[in-house]
file my_file17.txt (compact mmCIF, C-alpha atoms)
# COMPACT_ATOMS: atom_id res chain seq x y z
CA LEU A 1 0.00 0.00 0.00
CA GLU A 2 1.05 3.54 -0.69
CA GLU A 3 -0.38 6.71 0.78
CA ALA A 4 -2.39 8.69 -1.75
CA ALA A 5 -1.76 12.37 -1.05
CA PRO A 6 -4.29 14.99 -2.22
CA GLU A 7 -3.56 16.43 -5.67
CA ARG A 8 -0.73 13.96 -6.33
CA SER A 9 -1.89 11.89 -9.30
CA PHE A 10 -0.88 8.31 -9.94
CA THR A 11 -1.71 5.82 -12.67
CA VAL A 12 -3.19 2.33 -12.47
CA ASP A 13 -3.73 0.40 -15.71
CA ASP A 14 -3.80 3.60 -17.83
CA MET A 15 -6.33 5.22 -15.45
CA LYS A 16 -5.08 8.48 -13.96
CA ILE A 17 -6.25 8.82 -10.36
CA THR A 18 -6.06 12.12 -8.52
CA PRO A 19 -7.00 12.21 -4.83
CA VAL A 20 -8.85 15.37 -3.71
CA ALA A 21 -9.33 16.58 -0.14
CA ILE A 22 -12.94 16.58 1.04
CA ASP A 23 -14.69 17.74 4.21
CA HIS A 24 -15.68 15.11 6.73
CA THR A 25 -15.46 14.64 10.48
CA ILE A 26 -12.30 12.55 9.96
CA PRO A 27 -9.66 12.98 7.23
CA ALA A 28 -11.13 11.83 3.92
CA GLN A 29 -10.47 12.02 0.20
CA GLY A 30 -12.40 11.76 -3.02
CA TYR A 31 -10.95 10.69 -6.34
CA VAL A 32 -10.87 12.00 -9.89
CA LEU A 33 -10.70 9.00 -12.20
CA GLU A 34 -9.50 9.96 -15.69
CA ALA A 35 -9.59 7.47 -18.54
CA PRO A 36 -6.99 7.48 -21.33
CA THR A 37 -9.61 9.24 -23.50
CA GLY A 38 -9.55 12.22 -21.11
CA ASP A 39 -13.08 11.52 -19.87
CA ALA A 40 -13.44 11.57 -16.10
CA MET A 41 -15.59 10.58 -13.16
CA ILE A 42 -15.32 12.17 -9.73
CA HIS A 43 -16.13 9.97 -6.75
CA LEU A 44 -16.61 11.43 -3.28
CA GLY A 45 -17.23 9.08 -0.37
CA ASP A 46 -18.32 10.29 3.05
CA THR A 47 -18.45 14.04 2.86
CA GLY A 48 -20.43 17.04 3.88
CA PRO A 49 -20.61 20.04 1.57
CA THR A 50 -17.07 20.30 0.22
CA ARG A 51 -15.25 22.29 -2.40
CA GLY A 52 -12.31 19.93 -2.89
CA GLU A 53 -13.46 18.68 -6.26
CA TYR A 54 -14.73 21.99 -7.68
CA ALA A 55 -11.67 22.91 -9.75
CA HIS A 56 -11.52 19.43 -11.27
CA ALA A 57 -15.26 19.16 -11.90
CA ARG A 58 -15.49 22.63 -13.44
CA ARG A 59 -12.60 21.90 -15.81
CA TYR A 60 -14.04 18.58 -16.98
CA LEU A 61 -17.55 20.06 -17.28
CA ALA A 62 -16.26 22.97 -19.38
CA GLN A 63 -14.52 20.49 -21.67
CA GLY A 64 -17.58 18.20 -21.88
CA ARG A 65 -15.55 15.35 -20.37
CA LEU A 66 -17.19 14.83 -16.95
CA ARG A 67 -19.07 11.55 -17.29
CA ALA A 68 -20.35 11.33 -13.69
CA LEU A 69 -20.11 12.83 -10.24
CA SER A 70 -20.63 10.42 -7.35
CA LEU A 71 -21.90 11.85 -4.03
CA GLU A 72 -23.20 10.37 -0.82
CA CYS A 73 -26.74 11.08 0.36
CA SER A 74 -26.90 9.77 3.90
CA PHE A 75 -29.83 11.60 5.48
CA PRO A 76 -33.25 12.99 4.48
CA ASP A 77 -33.71 16.76 4.49
CA GLU A 78 -35.47 16.66 7.88
CA GLU A 79 -32.15 15.59 9.41
CA ARG A 80 -30.10 18.37 7.83
CA GLU A 81 -28.52 19.55 11.09
CA LEU A 82 -27.44 16.01 11.95
CA ALA A 83 -26.04 15.58 8.43
CA ILE A 84 -24.00 18.79 8.72
CA LEU A 85 -22.82 17.90 12.24
CA THR A 86 -21.63 14.45 11.12
CA GLY A 87 -20.19 15.55 7.75
CA HIS A 88 -22.84 14.10 5.44
CA LEU A 89 -25.33 15.24 2.80
CA THR A 90 -29.11 15.39 2.31
CA PRO A 91 -30.92 15.86 -1.02
CA GLN A 92 -31.24 19.64 -0.49
CA LEU A 93 -27.60 19.91 0.59
CA ILE A 94 -26.65 18.12 -2.63
CA ALA A 95 -28.75 20.61 -4.63
CA ARG A 96 -26.96 23.49 -2.91
CA HIS A 97 -23.57 21.83 -3.47
CA LEU A 98 -24.30 21.43 -7.18
CA TYR A 99 -25.53 25.04 -7.40
CA GLU A 100 -22.24 26.32 -6.00
CA LEU A 101 -20.26 23.95 -8.21
CA VAL A 102 -21.82 24.96 -11.54
CA LEU A 103 -22.80 28.58 -10.89
CA GLU A 104 -19.60 29.40 -8.98
CA LYS A 105 -21.41 31.38 -6.29
CA GLU A 106 -22.96 30.79 -2.89
CA PRO A 107 -26.49 29.43 -3.05
CA PRO A 108 -29.31 31.47 -1.50
CA ALA A 109 -30.09 30.89 2.19
CA ARG A 110 -33.42 29.24 1.29
CA ASP A 111 -34.06 26.01 -0.64
CA LEU A 112 -33.51 26.40 -4.38
CA ASN A 113 -36.56 27.19 -6.50
CA ASP A 114 -37.63 25.44 -9.72
CA ARG A 115 -35.84 27.92 -12.00
CA GLU A 116 -32.57 27.59 -10.05
CA LEU A 117 -32.73 23.79 -9.99
CA ALA A 118 -33.44 23.67 -13.73
CA GLU A 119 -30.45 25.95 -14.38
CA VAL A 120 -28.18 23.71 -12.30
CA GLY A 121 -29.41 20.68 -14.25
CA ARG A 122 -28.88 22.49 -17.56
CA ARG A 123 -25.32 23.48 -16.62
CA LEU A 124 -24.52 19.91 -15.62
CA GLY A 125 -25.24 19.10 -19.26
CA GLY A 126 -26.68 15.66 -18.60
CA THR A 127 -23.80 14.59 -16.36
CA PRO A 128 -25.40 12.15 -13.92
CA VAL A 129 -24.94 12.66 -10.19
CA LEU A 130 -24.68 9.16 -8.73
CA LEU A 131 -25.95 8.83 -5.18
CA HIS A 132 -24.70 6.29 -2.66
CA HIS A 133 -24.33 5.77 1.13
CA VAL A 134 -28.07 6.05 1.79
CA LYS A 135 -28.80 5.20 5.41
CA PRO A 136 -31.55 2.54 5.48
CA GLU A 137 -33.69 4.22 8.15
CA GLY A 138 -34.18 7.30 5.94
CA ALA A 139 -34.10 5.61 2.53
CA LEU A 140 -37.79 6.04 1.67
CA ARG A 141 -37.81 9.75 2.53
CA ILE A 142 -34.50 10.28 0.72
CA ARG A 143 -35.84 8.55 -2.40
CA THR A 144 -38.99 10.70 -2.36
CA GLN A 145 -36.97 13.90 -1.92
CA VAL A 146 -34.55 12.89 -4.69
CA GLN A 147 -37.47 12.11 -7.03
CA ASP A 148 -38.76 15.64 -6.41
CA LEU A 149 -35.37 17.17 -7.24
CA ARG A 150 -35.07 14.95 -10.33
CA ALA A 151 -38.51 16.11 -11.50
CA ARG A 152 -37.29 19.69 -11.08
CA GLY A 153 -34.23 19.22 -13.29
CA LEU A 154 -31.38 17.60 -11.36
CA PRO A 155 -29.86 14.48 -12.99
CA LEU A 156 -29.76 12.39 -9.78
CA VAL A 157 -29.38 8.60 -10.00
CA PHE A 158 -29.20 6.07 -7.16
CA LEU A 159 -26.41 3.54 -7.40
CA ALA A 160 -27.41 -0.05 -6.73
CA GLN A 161 -25.44 -3.24 -6.25
CA GLY A 162 -24.97 -5.11 -9.54
CA VAL A 163 -26.42 -2.39 -11.78
CA GLU A 164 -24.14 -1.35 -14.63
CA LEU A 165 -24.19 2.23 -15.90
CA SER A 166 -23.11 3.36 -19.35
CA LEU A 167 -21.47 6.73 -18.90

call {"tool": "encode", "arguments": {"input": "my_file17.txt", "output": "structure tokens"}}
result
Amino acid sequence: LEEAAPERSFTVDDMKITPVAIDHTIPAQGYVLEAPTGDAMIHLGDTGPTRGEYAHARRYLAQGRLRALSLECSFPDEERELAILTGHLTPQLIARHLYELVLEKEPPARDLNDRELAEVGRRLGGTPVLLHHVKPEGALRIRTQVQDLRARGLPLVFLAQGVELSL
């Protein structure tokens, strides 16, 4: 094993992997996975709202090469304070995170409206946001809240064991 330091890329089987620092209650990293074609996926594990991947994601989005962004969605919106305290995300926190990522400005203090959500979805250009780390006790509420955000323009997709995605 070798330590993977943030922003120090390494290669495995022609895949360039760049660790990025993310915000969590304990030290954590996400990863930019870049294929030989230049297309990339960004995977973030346990994290609260974080800006560690913004520079990478913005660059790949601008070039039309971001194939997916993977984020955790551990808690329903009703447990927002607990999510923030423990370094996790809710559906609305994800919406706010994506807003800041693509619009490059702080989101409003309130929940995003339909126009703002549609603009975020448009700027993502069809790049799917893959959701994982759903806590079972809140799964039904999370799924309902994500369906609402999807209906309002965000390209959110739940990951599931054994399901293959074509990105």

call {"tool": "residues_around", "arguments": {"input": "my_file17.txt", "residues": "Arg141 of chain A", "least_positions_apart": "3", "cutoff": "12 Å", "atoms": "all atoms listed in the file", "output": "list in words"}}
result
Cys73, Ser74, Phe75, Pro76, Asp77, Glu78, Glu79, Thr90, Pro91, Val134, Lys135, Pro136, Glu137, Gly138, Thr144, Gln145, Val146, Gln147 and Asp148 of chain A

call {"tool": "closest_residue", "arguments": {"input": "my_file17.txt", "among": "A:Ala151, A:Ala95, A:Leu117, A:Leu130", "to": "Met41 of chain A", "atoms": "only C-alpha atoms"}}
result
A:Leu130

call {"tool": "closest_residue", "arguments": {"input": "my_file17.txt", "among": "A:Asp39, A:Glu53, A:Glu104, A:Glu34", "to": "Glu7 of chain A", "atoms": "all atoms listed in the file"}}
result
A:Glu53

call {"tool": "atom_distance", "arguments": {"input": "my_file17.txt", "atom1": "atom CA of Ala118 of chain A", "atom2": "atom CA of Leu156 of chain A"}}
result
12.5 Å

call {"tool": "residues_around", "arguments": {"input": "my_file17.txt", "residues": "Leu71 of chain A", "least_positions_apart": "5", "cutoff": "12 Å", "atoms": "all atoms listed in the file", "output": "PyMOL selection string"}}
result
chain A and resi 22+30-31+41-50+53+88-91+93-95+97-98+128-134+156-159

call {"tool": "closest_residue", "arguments": {"input": "my_file17.txt", "among": "A:Arg150, A:Arg115, A:Arg65, A:Lys105", "to": "Pro36 of chain A", "atoms": "all atoms listed in the file"}}
result
A:Arg65

call {"tool": "atom_distance", "arguments": {"input": "my_file17.txt", "atom1": "atom CA of Ala40 of chain A", "atom2": "atom CA of Glu106 of chain A"}}
result
25.2 Å

call {"tool": "residues_around", "arguments": {"input": "my_file17.txt", "residues": "Ala4 of chain A", "least_positions_apart": "2", "cutoff": "12 Å", "atoms": "all atoms listed in the file", "output": "list in words"}}
result
Leu1, Glu2, Pro6, Glu7, Arg8, Ser9, Phe10, Thr11, Ile17, Thr18, Pro19, Val20, Ala21, Ala28, Gln29, Gly30 and Tyr31 of chain A

call {"tool": "write_last_selection", "arguments": {"input": "my_file17.txt", "atoms": "C-alpha atoms", "output": "CSV table (one decimal), in the coordinates of the input"}}
result
chain,number,residue,atom,x,y,z
A,1,LEU,CA,0.0,0.0,0.0
A,2,GLU,CA,1.0,3.5,-0.7
A,6,PRO,CA,-4.3,15.0,-2.2
A,7,GLU,CA,-3.6,16.4,-5.7
A,8,ARG,CA,-0.7,14.0,-6.3
A,9,SER,CA,-1.9,11.9,-9.3
A,10,PHE,CA,-0.9,8.3,-9.9
A,11,THR,CA,-1.7,5.8,-12.7
A,17,ILE,CA,-6.2,8.8,-10.4
A,18,THR,CA,-6.1,12.1,-8.5
A,19,PRO,CA,-7.0,12.2,-4.8
A,20,VAL,CA,-8.8,15.4,-3.7
A,21,ALA,CA,-9.3,16.6,-0.1
A,28,ALA,CA,-11.1,11.8,3.9
A,29,GLN,CA,-10.5,12.0,0.2
A,30,GLY,CA,-12.4,11.8,-3.0
A,31,TYR,CA,-11.0,10.7,-6.3

call {"tool": "atom_distance", "arguments": {"input": "my_file17.txt", "atom1": "atom CA of Leu66 of chain A", "atom2": "atom CA of Gly87 of chain A"}}
result
24.9 Å

call {"tool": "closest_residue", "arguments": {"input": "my_file17.txt", "among": "A:Ala5, A:Ala160, A:Val12, A:Leu69", "to": "Val32 of chain A", "atoms": "only C-alpha atoms"}}
result
A:Leu69

call {"tool": "decode", "arguments": {"input": "my_file17.txt", "residues": "segment 16-27 of chain A", "atoms": "all heavy atoms", "output": "compact mmCIF listing (two decimals), in the first residue's frame"}}
result
# COMPACT_ATOMS: atom_id res chain seq x y z
N LYS A 16 -5.71 7.47 -14.80
CA LYS A 16 -5.08 8.48 -13.96
C LYS A 16 -6.00 8.74 -12.78
O LYS A 16 -7.18 9.03 -12.96
CB LYS A 16 -4.85 9.77 -14.75
CG LYS A 16 -4.22 10.89 -13.94
CD LYS A 16 -4.06 12.13 -14.81
CE LYS A 16 -3.65 13.33 -14.00
NZ LYS A 16 -3.65 14.55 -14.83
N ILE A 17 -5.47 8.64 -11.58
CA ILE A 17 -6.25 8.82 -10.36
C ILE A 17 -5.65 9.98 -9.58
O ILE A 17 -4.46 9.99 -9.28
CB ILE A 17 -6.25 7.53 -9.51
CG1 ILE A 17 -6.83 6.37 -10.33
CG2 ILE A 17 -7.03 7.75 -8.21
CD1 ILE A 17 -6.64 5.02 -9.72
N THR A 18 -6.51 10.96 -9.28
CA THR A 18 -6.06 12.12 -8.52
C THR A 18 -6.89 12.23 -7.24
O THR A 18 -8.10 12.48 -7.31
CB THR A 18 -6.21 13.42 -9.34
OG1 THR A 18 -5.50 13.28 -10.57
CG2 THR A 18 -5.67 14.62 -8.57
N PRO A 19 -6.29 12.02 -6.08
CA PRO A 19 -7.00 12.21 -4.83
C PRO A 19 -7.31 13.70 -4.61
O PRO A 19 -6.50 14.56 -4.98
CB PRO A 19 -6.03 11.70 -3.76
CG PRO A 19 -5.02 10.89 -4.50
CD PRO A 19 -4.93 11.49 -5.86
N VAL A 20 -8.48 13.98 -4.06
CA VAL A 20 -8.85 15.37 -3.71
C VAL A 20 -9.32 15.40 -2.26
O VAL A 20 -10.02 14.50 -1.80
CB VAL A 20 -9.94 15.95 -4.65
CG1 VAL A 20 -9.40 16.14 -6.06
CG2 VAL A 20 -11.18 15.09 -4.67
N ALA A 21 -8.92 16.43 -1.54
CA ALA A 21 -9.33 16.58 -0.14
C ALA A 21 -10.81 16.92 -0.08
O ALA A 21 -11.31 17.73 -0.87
CB ALA A 21 -8.51 17.67 0.53
N ILE A 22 -11.53 16.29 0.84
CA ILE A 22 -12.94 16.58 1.04
C ILE A 22 -13.21 16.80 2.53
O ILE A 22 -12.39 16.44 3.37
CB ILE A 22 -13.86 15.45 0.49
CG1 ILE A 22 -13.53 14.09 1.11
CG2 ILE A 22 -13.73 15.38 -1.03
CD1 ILE A 22 -14.44 12.97 0.67
N ASP A 23 -14.34 17.42 2.82
CA ASP A 23 -14.69 17.74 4.21
C ASP A 23 -15.49 16.61 4.84
O ASP A 23 -16.51 16.20 4.31
CB ASP A 23 -15.53 19.03 4.26
CG ASP A 23 -14.74 20.23 3.78
OD1 ASP A 23 -13.52 20.25 3.98
OD2 ASP A 23 -15.35 21.15 3.20
N HIS A 24 -14.99 16.13 5.95
CA HIS A 24 -15.68 15.11 6.73
C HIS A 24 -15.20 15.25 8.17
O HIS A 24 -14.25 15.97 8.45
CB HIS A 24 -15.40 13.72 6.15
CG HIS A 24 -16.31 12.65 6.69
ND1 HIS A 24 -17.67 12.78 6.75
CD2 HIS A 24 -16.04 11.43 7.19
CE1 HIS A 24 -18.20 11.68 7.27
NE2 HIS A 24 -17.23 10.85 7.54
N THR A 25 -15.84 14.53 9.07
CA THR A 25 -15.46 14.64 10.48
C THR A 25 -14.10 14.00 10.77
O THR A 25 -13.49 14.29 11.79
CB THR A 25 -16.53 13.99 11.38
OG1 THR A 25 -16.75 12.65 10.92
CG2 THR A 25 -17.83 14.78 11.31
N ILE A 26 -13.65 13.12 9.89
CA ILE A 26 -12.30 12.55 9.96
C ILE A 26 -11.64 12.81 8.61
O ILE A 26 -12.32 13.08 7.63
CB ILE A 26 -12.33 11.04 10.29
CG1 ILE A 26 -13.08 10.27 9.20
CG2 ILE A 26 -12.95 10.80 11.66
CD1 ILE A 26 -13.00 8.77 9.34
N PRO A 27 -10.31 12.75 8.53
CA PRO A 27 -9.66 12.98 7.23
C PRO A 27 -10.21 12.04 6.16
O PRO A 27 -10.37 10.84 6.40
CB PRO A 27 -8.19 12.70 7.52
CG PRO A 27 -8.04 12.93 8.99
CD PRO A 27 -9.35 12.49 9.60
